[in-house]
Amino acid sequence: MKKLSVLTKEQASEQSRQIFEGIEKAIGMLPNIYAVIGNSVNALGSYLTFSEAQKNGSFNAKEREAVFLAVSEENGCFYCLSAHTAIAKMSGISEEETIQLRSGNHGDRKLNILTNLAKSIVANRGKADEGLVQSFYQAGYDEKALVDLVALVVDKTFTNYIGRLAKPEIDFPKAQSLAKDVLA
């Protein structure tokens with residue numbers, strides 16, 4: 001059965017190869033998920049631009065990683081869970097915290113509301129639990145933050161779906177599996 005390929009630089013189009021080289025220069029490696037997305041230079045360029053722009057939104061790096069962990073857990077993408085566990089740990093989030101964020105049971109009230117709302121958005125295809133939305137606002141977030149949260153959910157859902165379709169080799173330390181995980 002044909003599936004999405006993890007491109008090497010030699011297999012990639014000239015435009016994708018240039019983007020791959022920029023990624024390698026910026027982070028020291030070309031993660032397999034980007035090598036898959038590079039099958040479409042349009043998708044790769046669009047995704048990277050969109051993803052980079054989210055850094056200017058309502059959430060700091062720790063909050064973004066918390067959302068990415070929660071969304072990847074909800075979408076069942078073990079590749080992205082592994083990648084974002086590694087990134088979260090480099091950002092000062094402990095292994096135990098990554099598990100708490102993925103399970104929706106973190107001790108920090110705001111992070112807990114943020115991750116549970118992100119998971120609810122995914123699970124309910126945008127029709128999030130109203131109680132969680134109200135808790136989000138009561139925690140001090142505003143309408144801009146809610147739109148930014150949806151943007152983060154979309155950002156990570158894109159790579160989650162690519163990861164689930166392509167099943168690239170995980171090129172990060174593998175994340176600990178939660179008991180309920182049935183991940184592909």
# chains A, B, ... in the order shown; residues from 1 in each chain; ligands from 1
call {"tool": "closest_atom_pairs", "arguments": {"of": "range 26-142 of chain A", "to": "range 1-10 of chain A", "cutoff": "10 Å", "atoms": "only C-alpha atoms", "output": "CSV"}}
result
residue,atom,partner,partner_atom,distance
A:Leu30,CA,A:Thr8,CA,9.5
A:Pro31,CA,A:Val6,CA,9.6
A:Asn32,CA,A:Val6,CA,6.2
A:Ile33,CA,A:Val6,CA,7.6
A:Tyr34,CA,A:Val6,CA,8.3
A:Ala35,CA,A:Leu7,CA,5.1
A:Val36,CA,A:Val6,CA,4.5
A:Ile37,CA,A:Val6,CA,8.2
A:Gly38,CA,A:Leu7,CA,7.1
A:Asn39,CA,A:Leu7,CA,7.1
call {"tool": "write_last_selection", "arguments": {"atoms": "C-alpha atoms", "output": "mmCIF file, in the first residue's frame"}}
result
data_model
loop_
_atom_site.group_PDB
_atom_site.id
_atom_site.type_symbol
_atom_site.label_atom_id
_atom_site.label_comp_id
_atom_site.auth_asym_id
_atom_site.auth_seq_id
_atom_site.Cartn_x
_atom_site.Cartn_y
_atom_site.Cartn_z
ATOM 1 C CA LEU A 30 15.304 17.780 9.911
ATOM 2 C CA PRO A 31 12.488 16.123 11.866
ATOM 3 C CA ASN A 32 10.785 13.386 9.870
ATOM 4 C CA ILE A 33 7.398 15.108 10.148
ATOM 5 C CA TYR A 34 8.757 18.057 8.112
ATOM 6 C CA ALA A 35 10.327 15.632 5.632
ATOM 7 C CA VAL A 36 6.832 14.196 5.081
ATOM 8 C CA ILE A 37 5.117 17.582 4.817
ATOM 9 C CA GLY A 38 7.803 18.528 2.269
ATOM 10 C CA ASN A 39 6.012 16.327 -0.260
#
call {"tool": "closest_residue", "arguments": {"among": "A:Asn56, A:Ser103, A:Asn124, A:Val41", "to": "Lys144 in chain A", "atoms": "only C-alpha atoms"}}
result
A:Asn56
call {"tool": "atom_distance", "arguments": {"atom1": "CA of Tyr141 in chain A", "atom2": "CA of Gly57 in chain A"}}
result
12.2 Å
call {"tool": "atom_distance", "arguments": {"atom1": "CA of Arg125 in chain A", "atom2": "CA of Val153 in chain A"}}
result
10.5 Å
